[in-house]
Structure formats: structure tokens, C-alpha cells
>>> print(open('work_25.cif').read())   # mmCIF, C-alpha atoms
data_work
#
loop_
_atom_site.label_atom_id
_atom_site.label_comp_id
_atom_site.auth_asym_id
_atom_site.auth_seq_id
_atom_site.Cartn_x
_atom_site.Cartn_y
_atom_site.Cartn_z
CA MET A 701 51.81 -4.35 20.63
CA THR A 702 50.66 -0.75 20.95
CA ASP A 703 49.32 1.58 18.31
CA ARG A 704 52.64 3.42 18.35
CA ASP A 705 54.54 0.17 17.80
CA ILE A 706 52.40 -0.60 14.76
CA ASP A 707 53.08 2.86 13.33
CA GLN A 708 56.78 2.32 13.95
CA GLN A 709 56.68 -0.99 12.09
CA LEU A 710 55.04 0.73 9.13
CA VAL A 711 57.55 3.58 9.29
CA GLU A 712 60.45 1.13 9.25
CA ARG A 713 58.99 -0.57 6.20
CA VAL A 714 58.78 2.80 4.43
CA GLN A 715 62.38 3.49 5.43
CA ARG A 716 63.34 0.23 3.76
CA GLY A 717 61.70 1.40 0.53
CA ASP A 718 58.10 0.14 0.88
CA LYS A 719 55.94 3.01 -0.36
CA GLY A 720 52.76 0.99 0.17
CA ALA A 721 53.30 1.05 3.92
CA PHE A 722 53.13 4.84 3.81
CA ASN A 723 49.70 4.64 2.16
CA LEU A 724 48.51 2.74 5.23
CA LEU A 725 49.65 5.59 7.45
CA VAL A 726 47.88 8.05 5.16
CA SER A 727 44.61 6.13 5.34
CA LYS A 728 44.93 5.98 9.10
CA TYR A 729 45.67 9.66 9.76
CA GLN A 730 44.09 11.49 6.83
CA ARG A 731 40.96 12.58 8.72
CA LYS A 732 42.83 13.83 11.77
CA ILE A 733 45.20 15.84 9.61
CA ILE A 734 42.40 17.23 7.45
CA ARG A 735 40.45 18.20 10.54
CA LEU A 736 43.51 19.90 12.01
CA LEU A 737 44.17 21.83 8.80
CA SER A 738 40.52 22.78 8.50
CA ARG A 739 40.97 24.69 11.71
CA LEU A 740 43.84 26.68 10.19
CA ILE A 741 42.70 27.09 6.58
CA ARG A 742 39.20 28.05 5.60
CA ASP A 743 38.99 26.81 2.03
CA GLN A 744 38.30 23.07 1.81
CA ALA A 745 40.17 22.60 -1.50
CA GLU A 746 43.22 24.30 0.01
CA VAL A 747 42.93 22.09 3.08
CA GLU A 748 43.13 18.99 0.91
CA ASP A 749 46.08 20.37 -1.06
CA VAL A 750 47.98 21.26 2.09
CA ALA A 751 47.16 17.90 3.65
CA GLN A 752 48.56 16.14 0.60
CA GLU A 753 51.65 18.35 0.68
CA ALA A 754 52.13 17.59 4.38
CA PHE A 755 51.98 13.84 3.75
CA ILE A 756 54.46 14.09 0.88
CA LYS A 757 56.80 16.21 3.01
CA ALA A 758 56.53 13.62 5.75
CA TYR A 759 57.37 10.87 3.27
CA ARG A 760 60.45 12.76 2.08
CA ALA A 761 61.58 13.40 5.65
CA LEU A 762 60.89 9.89 6.86
CA PRO A 763 64.53 8.68 6.57
CA ASN A 764 65.30 11.15 9.37
CA PHE A 765 62.47 9.95 11.62
CA ARG A 766 64.00 7.95 14.44
CA GLY A 767 60.89 7.24 16.49
CA ASP A 768 61.84 9.49 19.40
CA SER A 769 58.27 10.81 19.29
CA ALA A 770 55.13 9.09 18.09
CA PHE A 771 54.72 9.15 14.33
CA TYR A 772 51.49 11.08 14.60
CA THR A 773 53.06 13.80 16.77
CA TRP A 774 55.80 14.18 14.17
CA LEU A 775 53.31 14.20 11.29
CA TYR A 776 51.16 16.70 13.14
CA ARG A 777 54.05 19.17 13.41
CA ILE A 778 54.82 18.81 9.73
CA ALA A 779 51.17 19.52 8.93
CA ILE A 780 51.14 22.64 11.14
CA ASN A 781 54.34 23.96 9.53
CA THR A 782 53.06 23.20 6.04
CA ALA A 783 49.86 25.11 6.80
CA LYS A 784 51.81 28.07 8.19
CA ASN A 785 54.05 28.19 5.12
CA HIS A 786 51.00 27.97 2.90
CA LEU A 787 49.30 30.87 4.65
CA VAL A 788 52.46 33.00 4.53
CA SER A 789 52.91 32.24 0.82
CA GLN A 790 49.35 33.37 0.27
CA GLY A 791 50.08 36.63 2.09
CA ARG A 792 47.88 35.61 4.96
CA ARG A 793 48.77 35.69 8.60
CA ALA A 794 49.71 32.33 10.00
CA PRO A 795 48.27 31.51 13.40
CA THR A 796 50.74 32.18 16.20
CA THR A 797 50.52 28.78 17.76
CA THR A 798 53.17 27.91 20.29
CA GLU A 799 54.52 24.47 21.00
CA ALA A 800 52.11 24.24 23.91
CA ASP A 801 49.21 25.14 21.64
CA ILE A 802 50.24 22.37 19.30
CA GLU A 803 50.30 19.82 22.09
CA GLU A 804 46.88 20.96 23.27
CA ALA A 805 45.46 21.09 19.79
CA GLU A 806 46.49 17.50 19.29
CA THR A 807 43.61 16.48 21.49
CA PHE A 808 41.28 18.55 19.30
CA ASP A 809 39.86 20.26 22.38
CA ASP A 810 41.35 23.75 22.19
CA GLY A 811 38.70 25.51 20.22
CA ASP A 812 39.99 28.87 21.54
CA HIS A 813 43.24 28.73 19.59
CA LEU A 814 42.06 27.33 16.30
CA ARG A 815 39.23 28.24 14.01
CA ASP A 816 35.87 26.80 14.80
CA LEU A 817 34.88 24.11 12.36
CA ASN A 818 31.17 24.55 12.74
CA SER A 819 30.28 25.30 9.17
CA PRO A 820 26.75 24.16 8.26
CA GLU A 821 28.15 21.46 5.95
CA SER A 822 30.57 20.02 8.46
CA MET A 823 27.94 20.11 11.18
CA LEU A 824 25.48 18.29 8.98
CA LEU A 825 28.00 15.62 7.99
CA SER A 826 29.12 15.15 11.56
CA LYS A 827 25.48 14.74 12.59
CA GLN A 828 24.88 12.20 9.83
CA VAL A 829 27.96 10.21 10.86
CA GLY A 830 26.77 10.23 14.48
CA GLU A 831 23.32 9.06 13.47
CA ALA A 832 24.76 6.29 11.31
CA VAL A 833 26.98 5.08 14.14
CA ASN A 834 24.12 5.15 16.64
CA ARG A 835 21.80 3.40 14.22
CA ALA A 836 24.38 0.69 13.60
CA ILE A 837 25.00 0.18 17.31
CA ASP A 838 21.28 0.05 18.07
CA GLN A 839 20.78 -2.63 15.44
CA LEU A 840 23.58 -4.81 16.77
CA PRO A 841 22.78 -7.95 18.73
CA GLU A 842 23.24 -7.42 22.45
CA ASP A 843 26.52 -9.34 22.73
CA LEU A 844 28.13 -7.45 19.84
CA ARG A 845 26.91 -4.10 21.14
CA THR A 846 28.26 -4.79 24.63
CA ALA A 847 31.64 -5.88 23.26
CA ILE A 848 32.12 -2.85 21.01
CA VAL A 849 30.95 -0.39 23.67
CA LEU A 850 33.26 -1.90 26.29
CA ARG A 851 36.12 -1.69 23.82
CA GLU A 852 35.57 1.69 22.16
CA ILE A 853 33.75 3.67 24.84
CA GLU A 854 35.11 2.14 28.03
CA GLY A 855 38.52 1.29 26.58
CA LEU A 856 38.71 -2.20 28.10
CA SER A 857 41.18 -4.79 26.84
CA TYR A 858 39.97 -8.01 25.24
CA GLU A 859 40.89 -9.87 28.42
CA GLU A 860 38.83 -7.51 30.57
CA ILE A 861 35.89 -7.73 28.18
CA ALA A 862 36.13 -11.53 28.17
CA GLU A 863 36.04 -11.53 31.97
CA SER A 864 33.16 -9.08 32.01
CA MET A 865 31.12 -11.00 29.43
CA ASN A 866 32.17 -14.40 30.73
CA CYS A 867 33.34 -15.69 27.37
CA PRO A 868 36.65 -16.63 25.70
CA ILE A 869 38.92 -13.92 24.30
CA GLY A 870 38.47 -15.37 20.81
CA THR A 871 34.74 -14.71 21.08
CA VAL A 872 35.40 -11.13 22.15
CA ARG A 873 37.72 -10.65 19.18
CA SER A 874 35.06 -11.98 16.82
CA ARG A 875 32.25 -9.88 18.34
CA ILE A 876 34.23 -6.66 18.15
CA PHE A 877 35.19 -7.33 14.57
CA ARG A 878 31.58 -8.12 13.55
CA ALA A 879 30.34 -4.97 15.27
CA ARG A 880 32.86 -2.91 13.32
CA GLU A 881 31.78 -4.53 10.08
CA ALA A 882 28.18 -3.59 10.79
CA ILE A 883 29.11 0.01 11.61
CA ALA A 884 31.22 0.26 8.45
CA GLN A 885 28.22 -0.88 6.39
CA GLU A 886 26.09 1.84 7.93
CA LEU A 887 28.74 4.51 7.30
CA LYS A 888 29.29 3.69 3.64
CA PRO A 889 26.31 5.61 2.23
CA VAL A 890 27.02 8.59 4.49
CA LEU A 891 30.72 8.91 3.64
CA ASP A 892 30.48 7.50 0.13
CA THR A 893 32.98 4.79 0.82
CA ALA A 894 31.84 2.26 -1.73
CA LYS A 895 33.77 -1.00 -1.88
CA ASP A 896 35.08 -0.45 -5.37
CA LYS A 897 36.56 2.89 -4.46
CA ARG A 898 39.99 3.36 -3.07
CA TRP A 899 39.89 5.56 0.01
CA MET B 583 33.11 -19.30 7.10
CA THR B 584 32.38 -15.64 7.85
CA ALA B 585 34.01 -12.73 6.11
CA GLY B 586 36.08 -12.15 9.20
CA HIS B 587 37.46 -15.66 9.06
CA MET B 588 38.27 -15.46 5.38
CA ALA B 589 41.95 -16.27 5.34
CA LEU B 590 43.89 -13.79 3.27
CA ARG B 591 47.59 -13.57 2.62
CA GLY B 592 49.74 -15.66 4.92
CA GLY B 593 46.74 -17.07 6.80
CA VAL B 594 45.89 -13.61 8.13
CA ASP B 595 42.17 -12.88 8.30
CA ILE B 596 40.39 -9.59 8.74
CA GLU B 597 39.62 -10.40 12.34
CA HIS B 598 43.37 -10.31 12.97
CA LEU B 599 43.41 -6.84 11.45
CA SER B 600 40.77 -5.70 13.91
CA SER B 601 42.85 -7.14 16.76
CA LEU B 602 45.97 -5.44 15.42
CA ILE B 603 44.21 -2.07 15.49
CA ASP B 604 43.21 -2.76 19.10
CA GLY B 605 46.81 -3.57 20.03
CA GLU B 606 45.75 -7.08 21.03
CA LEU B 607 48.34 -9.06 19.11
CA ASP B 608 51.76 -10.01 20.40
CA ALA B 609 54.83 -8.76 18.54
CA HIS B 610 55.19 -11.92 16.45
CA GLU B 611 51.54 -12.00 15.36
CA ALA B 612 51.48 -8.25 14.73
CA ALA B 613 54.57 -8.46 12.53
CA ALA B 614 52.93 -11.21 10.46
CA VAL B 615 49.72 -9.20 10.07
CA VAL B 616 51.60 -5.99 9.14
CA ASP B 617 53.57 -7.99 6.60
CA ALA B 618 50.38 -9.39 5.05
CA LEU B 619 48.75 -5.97 5.21
CA CYS B 620 51.52 -4.37 3.19
CA ARG B 621 51.09 -6.95 0.42
CA ASP B 622 47.35 -7.53 0.19
CA ALA B 623 45.04 -4.96 -1.43
CA GLU B 624 41.94 -6.40 0.21
CA LEU B 625 43.51 -6.16 3.66
CA GLN B 626 44.51 -2.58 2.88
CA ARG B 627 40.94 -1.70 1.96
CA ARG B 628 39.67 -3.28 5.17
CA TRP B 629 42.34 -1.51 7.19
CA ALA B 630 41.11 1.84 5.84
CA GLU B 631 37.53 0.84 6.62
CA LEU B 632 38.35 -0.19 10.18
CA GLN B 633 40.30 3.02 10.76
CA LEU B 634 37.29 5.04 9.63
CA VAL B 635 35.00 3.09 11.96
CA GLY B 636 37.43 3.74 14.82
CA ASP B 637 37.45 7.46 14.04
CA ALA B 638 33.64 7.51 13.83
CA LEU B 639 33.27 5.77 17.18
CA ARG B 640 35.75 8.08 18.89
CA SER B 641 34.70 11.37 17.23
CA THR B 642 32.02 11.96 14.65
CA ASP B 643 33.71 15.30 13.87
CA VAL B 644 36.92 13.55 12.85
CA ALA B 645 35.05 10.94 10.81
CA ALA B 646 33.12 13.73 9.09
CA CYS B 647 36.45 15.03 7.76
CA HIS B 648 36.73 11.97 5.57
CA VAL B 649 37.50 13.00 1.99
CA ASP B 650 36.61 10.35 -0.50
CA GLY B 651 39.55 9.56 -2.80
CA PHE B 652 42.10 11.45 -0.71
CA CYS B 653 44.30 8.40 -0.17
CA ALA B 654 44.26 7.59 -3.87
CA ARG B 655 45.34 11.16 -4.58
CA VAL B 656 48.23 11.01 -2.13
CA SER B 657 49.18 7.58 -3.40
CA LYS B 658 49.36 8.92 -6.95
CA ALA B 659 51.54 11.84 -5.85
CA LEU B 660 53.70 9.42 -3.90
CA ALA B 661 54.26 7.32 -7.00
CA ASP B 662 56.10 10.28 -8.56
CA GLU B 663 58.39 10.59 -5.55
CA PRO B 664 61.76 8.85 -5.51
CA THR B 665 61.74 5.98 -3.04
CA VAL B 666 63.18 7.06 0.28
CA LEU B 667 65.66 4.84 2.05
CA ALA B 668 66.93 5.40 5.56
CA PRO B 669 70.62 4.68 6.07
CA ARG B 670 71.02 1.22 7.49
CA PRO B 671 72.44 1.04 10.99
CA ALA B 672 75.70 -0.86 11.49
CA ARG B 673 75.08 -4.59 11.33
CA PRO B 674 74.49 -5.85 14.87
CA ALA B 675 76.71 -8.90 14.29
CA LEU B 676 79.58 -6.66 13.22
CA ARG B 677 79.07 -4.40 16.22
CA ARG B 678 78.72 -7.39 18.50
CA TYR B 679 81.78 -9.35 17.47
CA ALA B 680 84.20 -6.96 15.71
CA ILE B 681 84.68 -4.45 18.53
CA PRO B 682 85.33 -7.03 21.28
CA GLY B 683 87.55 -8.92 18.84
CA VAL B 684 89.68 -5.85 18.19
CA ALA B 685 89.83 -5.18 21.95
CA VAL B 686 91.02 -8.73 22.63
CA ALA B 687 93.66 -8.49 19.89
CA ALA B 688 94.88 -5.15 21.24
CA SER B 689 95.10 -6.60 24.77
CA ALA B 690 97.05 -9.60 23.51
CA ALA B 691 99.45 -7.31 21.63
CA ALA B 692 99.96 -5.14 24.71
CA ILE B 693 100.63 -8.18 26.91
CA ALA B 694 103.05 -9.57 24.35
CA PHE B 695 104.87 -6.22 24.11
CA VAL B 696 105.28 -5.90 27.88
CA ALA B 697 105.65 -9.48 29.00
CA VAL B 698 107.74 -11.18 26.32
CA PRO B 699 110.94 -9.26 27.08
CA LEU B 700 110.47 -10.05 30.77
CA LEU B 701 109.87 -13.72 30.09
CA ARG B 702 113.06 -14.15 28.16
CA THR B 703 115.17 -16.72 30.06
CA PRO B 704 118.74 -16.03 31.09
CA ALA B 705 119.86 -18.92 28.91
CA ALA B 706 118.30 -17.33 25.89
CA ASP B 707 120.05 -14.07 26.75
CA MET B 708 123.29 -15.86 27.05
CA THR B 709 122.87 -17.50 23.68
CA ALA B 710 122.04 -14.20 22.07
CA GLN B 711 125.06 -12.54 23.63
CA GLN B 712 127.31 -15.34 22.48
CA GLN B 713 126.04 -15.25 18.94
CA GLN B 714 126.12 -11.48 18.51
CA PRO B 715 129.93 -10.96 18.48
CA VAL B 716 130.31 -13.72 15.92
CA ALA B 717 127.85 -12.04 13.63
CA VAL B 718 129.43 -8.64 14.10
CA THR B 719 132.89 -10.04 13.54
CA ALA B 720 131.82 -11.73 10.33
CA THR B 721 130.32 -8.47 9.12
CA ALA B 722 133.44 -6.59 10.06
CA VAL B 723 135.65 -9.01 8.19
CA ALA B 724 133.46 -8.81 5.14
CA ARG B 725 133.79 -5.03 5.18
CA ALA B 726 137.52 -4.89 6.03
CA ASP B 727 138.38 -3.20 2.80
CA GLU B 728 136.21 -0.18 3.64
CA PRO B 729 137.60 3.00 5.28
CA SER B 730 135.73 2.31 8.53
CA ALA B 731 137.00 -1.24 8.74
CA GLN B 732 139.52 -0.40 11.42
CA ALA B 733 136.90 1.03 13.74
CA ALA B 734 134.66 -1.93 13.13
CA LEU B 735 137.40 -4.38 13.96
CA LYS B 736 138.13 -2.51 17.19
CA ALA B 737 134.50 -2.70 18.17
CA ALA B 738 134.40 -6.42 17.37
CA ALA B 739 137.49 -6.98 19.49
CA ALA B 740 135.89 -5.09 22.39
CA ILE B 741 132.77 -7.24 22.16
CA ALA B 742 134.88 -10.39 21.96
CA ASN B 743 136.71 -9.31 25.12
CA ALA B 744 133.34 -8.82 26.79
CA ARG B 745 132.79 -12.56 26.50
CA ALA B 746 135.36 -12.90 29.18
CA LEU B 747 132.82 -11.35 31.52
CA ASP B 748 130.23 -14.07 30.84
CA PRO B 749 131.18 -16.20 33.84
CA TYR B 750 130.85 -13.11 36.02
CA PHE B 751 127.33 -12.39 34.68
CA ALA B 752 126.33 -16.03 35.10
CA ALA B 753 127.50 -16.00 38.72
CA HIS B 754 125.63 -12.76 39.33
CA ARG B 755 122.39 -14.27 37.99
CA GLU B 756 122.77 -17.26 40.26
CA LEU B 757 123.03 -14.93 43.22
CA THR B 758 119.94 -12.97 42.23
CA GLY B 759 117.97 -16.15 41.58
CA GLY B 760 117.72 -15.51 37.86
CA THR B 761 113.95 -15.01 38.01
CA PRO B 762 112.09 -13.70 35.00
CA LEU B 763 110.95 -10.67 37.04
CA PRO B 764 114.01 -9.72 39.07
CA ARG B 765 112.85 -6.17 39.80
CA ALA B 766 109.40 -7.24 40.88
CA THR B 767 110.93 -9.89 43.11
CA ALA B 768 113.10 -7.28 44.74
CA TYR B 769 110.04 -5.10 45.35
CA LEU B 770 108.12 -8.02 46.82
CA ARG B 771 110.99 -8.85 49.12
CA THR B 772 111.22 -5.24 50.26
CA SER B 773 107.52 -4.77 50.85
CA GLY B 774 107.24 -8.20 52.48
CA GLY B 775 110.01 -7.34 54.84
CA GLU B 776 108.19 -4.31 56.16
CA ARG B 777 105.35 -6.41 57.58
#
>>> encode(input="work_25.cif", output="C-alpha cells")
Amino acid sequence: MTDRDIDQQLVERVQRGDKGAFNLLVSKYQRKIIRLLSRLIRDQAEVEDVAQEAFIKAYRALPNFRGDSAFYTWLYRIAINTAKNHLVSQGRRAPTTTEADIEEAETFDDGDHLRDLNSPESMLLSKQVGEAVNRAIDQLPEDLRTAIVLREIEGLSYEEIAESMNCPIGTVRSRIFRAREAIAQELKPVLDTAKDKRW
Amino acid sequence: MTAGHMALRGGVDIEHLSSLIDGELDAHEAAAVVDALCRDAELQRRWAELQLVGDALRSTDVAACHVDGFCARVSKALADEPTVLAPRPARPALRRYAIPGVAVAASAAAIAFVAVPLLRTPAADMTAQQQQPVAVTATAVARADEPSAQAALKAAAAIANARALDPYFAAHRELTGGTPLPRATAYLRTSGGER
């Protein structure tokens, strides 16, 4: 089952009245949406407000979502439109992004069209996250490191990793999970994601 | 037992969640994990954690956009929203059985409408013809005191006289074979003769 299928399952649950399922979509896409909006809106507090508004608008519009496009593509467009409306309401000029720009921006590679995010704070945090991830990966036992790198960097399936590492798929599943746990532990102090807090 | 093997709701453990995120579960397993995920707070926390790790591994810039407490904020705002419900699609069973059922009933009605008159036997026709004048005559007698009684009696007499033609009609049917589909038979004979 693909990532899109999982999103669709969650969407269908929301459409049947399960609000909690929408929270799972928020926790999955919050960073991508905030990063996107940060490229359109300078003020961080405004970014968070607009991101929240975009998610609520998406929730309200969800009965009309039929899954013709991926959920994220749909959410992304809502976020762009919400940001544009926000900028217009503030008397500021909304970026003249075209549909093509939106598609390109979705990959987060079109720095020419959207504002550069390289503020000192964001650069520092990004560097700290990178260091935490590298530190966690370096500290992993060899078999866990190989499994997570083959999965996340090389994009191999569990079956391919199992073949490559000459071990059962169940072992691959376990190694990848344990590697992720270790990385999450390393990220907690950097991103202040303590266990007792709700993200 | 490791944390990953700690069975949570419905026998789903956190390792399953990791596999779900990787798209490594079949539809049945994934549905079970999503179901457990939507009901279990601990699984939800771990889901958020694993999503953050995924973002961090793919792009440190995206992970750096993490805003602590953002989800809680949206969740609180969501609580004030009326619950959305998508209109349910037509029930598959209804669509599957009702439409063909109506089509079959319509076909049966059409066949009955076209074929029943053709299938009526000559004997049945004869019986009907014999009974009709009797009924009309009885009606006419009952209404003899009315102003139109004379006309009705004349009509009844004419129909009664027509009974005299019955032997002629019977003989005619014998000659034509008296088939249920006399016109079709004639056509078949004609077209068969051309070959």
C-alpha cells in the first residue's frame, strides 16, 4: 500500500466523521506546509497562523475531496491560496505563481520563484537537525545503519534490502524501525519534541 | 520484548507503524494498522515521531520547520469545527442488484405486452367471441328502458348474426394452419421460397 493510499484511507475516515484521522494528516504534513508558507510569508507567527488556517480550510473542504489528486497536492494548493488571500488582505502583493510554479515548488527546489528561507535562525536549526541525524546514524550499529541508509537514501524496498543484506524481511523491518527510534531520540533535544508533549 | 514489539491496540506494534510509513504492508494489514492508529494515542505520538524522522532524513530544511505544539494548536481549532461528513455513495448492493432487477422486470413486461396477444390460441379467441354477444345482449336487455335501448338491441342483434360466420372463420383458420404467428409464418414462407 502506497503513501497515497494511506493518506486516502485517513481522508475517508475524516469524511466519515473521524476528526482524529485529520490530526494524523496534520502531523504528517505540517512541516512541509510551514516550509512552503515560509517562502511566501516572512513573519514566522503569520506563517503558523496561515498554516493553521489552511489546515482548517482543508478540513472543511474535505467532503468534496474525491482523491483525483494526491491529498498533499490538494492541501498544497489550499495552502498557496490561503497565503495569497492573507497577503492580499494585508495589502501586500501576493506572489504571481502559476500552476506550473506550484508544481515545481512542490519539490522545494525552485528557489527562484519563492523567497529564500536562509534566515540565520532557520539555517542554524537546519544545521543542528543535520548534525543530529548524522550523529545518530554514525552511532548506529552497522546492520541498522546499512538498513536505514538503503531504505531512506537509496529508496530500496524491504525485499531488496533483505536480499542485499542476506537476511529475512522481518529482520529488515526491525532494523529500520530501531534505526528510526535512535534518530528520533537524537532529534528530541534539537526540536524540543519531549515525550510528554503533543506535537 | 523491545519497544518496537510492544503490542498496542489490536495487536499492532510500533514496528508495524514504521512498515506502514514505508508502504510495506498489504492492504489488509495497512487497514488494521490505520484503524489502530486512529484509536491509540501512543501510536499517534509515535506516528508523529516517525514522520519527523522521515522528514529529517529526507531534508533537514523541512525538519527544521518543525513547530513544537503546532498539531495541538490545529487540533484545538479543529475541535471547534462542526464534524464534516461526505455524502455517502449509493450502496453498492443496491446499485448491483436493483438496476439489473428493474431491467429484467421491464424486459419481462415488454415481452408479455408483445407476445401474449400473439400467443392467444384460436380456441381462446373463439370462446371470447362466443361469450361477448351474450354479455352485450344481457347488458342491452338490462338497459332496455333507456332511450338508447333500441340502438343497443340493434347492435346486439348484429353481433348475434355475426355468430353465423363462426364456421367460416374456423374453416379459414384451418386453411392458414392456425399458427400463433400467422404473419411471421407467411413471411418465412415467402423468404424461404426465394432461395
>>> closest_residue(input="work_25.cif", among="A:Thr702, A:Pro820, A:Met865, A:Arg835", to="Leu887 in chain A", atoms="all atoms listed in the file")
A:Arg835
>>> atom_distance(input="work_25.cif", atom1="CA of Glu831 in chain A", atom2="CA of Leu891 in chain A")
12.3 Å
>>> closest_residue(input="work_25.cif", among="A:Gly791, A:Gly717, A:Pro889, A:Pro868", to="chain B", atoms="only C-alpha atoms")
A:Gly717
>>> interface_residues(input="work_25.cif", of="chain B", to="chain A", cutoff="7 Å", atoms="only C-alpha atoms", output="PDB file with C-alpha atoms, in the coordinates of the input")
ATOM      1  CA  GLU B 597      39.620 -10.400  12.340  1.00  0.00           C
ATOM      2  CA  SER B 600      40.770  -5.700  13.910  1.00  0.00           C
ATOM      3  CA  SER B 601      42.850  -7.140  16.760  1.00  0.00           C
ATOM      4  CA  ILE B 603      44.210  -2.070  15.490  1.00  0.00           C
ATOM      5  CA  GLY B 605      46.810  -3.570  20.030  1.00  0.00           C
ATOM      6  CA  GLU B 606      45.750  -7.080  21.030  1.00  0.00           C
ATOM      7  CA  LEU B 607      48.340  -9.060  19.110  1.00  0.00           C
ATOM      8  CA  ASP B 608      51.760 -10.010  20.400  1.00  0.00           C
ATOM      9  CA  ALA B 609      54.830  -8.760  18.540  1.00  0.00           C
ATOM     10  CA  CYS B 620      51.520  -4.370   3.190  1.00  0.00           C
ATOM     11  CA  ALA B 630      41.110   1.840   5.840  1.00  0.00           C
ATOM     12  CA  GLU B 631      37.530   0.840   6.620  1.00  0.00           C
ATOM     13  CA  LEU B 632      38.350  -0.190  10.180  1.00  0.00           C
ATOM     14  CA  GLN B 633      40.300   3.020  10.760  1.00  0.00           C
ATOM     15  CA  VAL B 635      35.000   3.090  11.960  1.00  0.00           C
ATOM     16  CA  ALA B 638      33.640   7.510  13.830  1.00  0.00           C
ATOM     17  CA  LEU B 639      33.270   5.770  17.180  1.00  0.00           C
ATOM     18  CA  THR B 642      32.020  11.960  14.650  1.00  0.00           C
ATOM     19  CA  ASP B 643      33.710  15.300  13.870  1.00  0.00           C
ATOM     20  CA  VAL B 644      36.920  13.550  12.850  1.00  0.00           C
ATOM     21  CA  ALA B 645      35.050  10.940  10.810  1.00  0.00           C
ATOM     22  CA  ALA B 646      33.120  13.730   9.090  1.00  0.00           C
ATOM     23  CA  CYS B 647      36.450  15.030   7.760  1.00  0.00           C
ATOM     24  CA  HIS B 648      36.730  11.970   5.570  1.00  0.00           C
ATOM     25  CA  ASP B 650      36.610  10.350  -0.500  1.00  0.00           C
ATOM     26  CA  GLY B 651      39.550   9.560  -2.800  1.00  0.00           C
ATOM     27  CA  PHE B 652      42.100  11.450  -0.710  1.00  0.00           C
ATOM     28  CA  CYS B 653      44.300   8.400  -0.170  1.00  0.00           C
ATOM     29  CA  ALA B 654      44.260   7.590  -3.870  1.00  0.00           C
ATOM     30  CA  VAL B 656      48.230  11.010  -2.130  1.00  0.00           C
ATOM     31  CA  SER B 657      49.180   7.580  -3.400  1.00  0.00           C
ATOM     32  CA  LEU B 660      53.700   9.420  -3.900  1.00  0.00           C
ATOM     33  CA  THR B 665      61.740   5.980  -3.040  1.00  0.00           C
ATOM     34  CA  VAL B 666      63.180   7.060   0.280  1.00  0.00           C
ATOM     35  CA  LEU B 667      65.660   4.840   2.050  1.00  0.00           C
ATOM     36  CA  ALA B 668      66.930   5.400   5.560  1.00  0.00           C
TER      37      ALA B 668
END
>>> atom_distance(input="work_25.cif", atom1="CA of Asn866 in chain A", atom2="CA of His598 in chain B")
21.4 Å
>>> atom_distance(input="work_25.cif", atom1="CA of Ala783 in chain A", atom2="CA of Leu740 in chain A")
7.1 Å
>>> resolve_selection(input="work_25.cif", expression="the PyMOL selection byres ((chain A and resi 786) around 12)", output="PyMOL selection string")
chain A and resi 737+740-741+746-747+749-751+753-754+779-785+787-795
>>> resolve_selection(input="work_25.cif", expression="the PyMOL selection byres ((chain B and resi 615) around 8)", output="ChimeraX atom specification")
/B:594,598-599,602,611-614,616-619
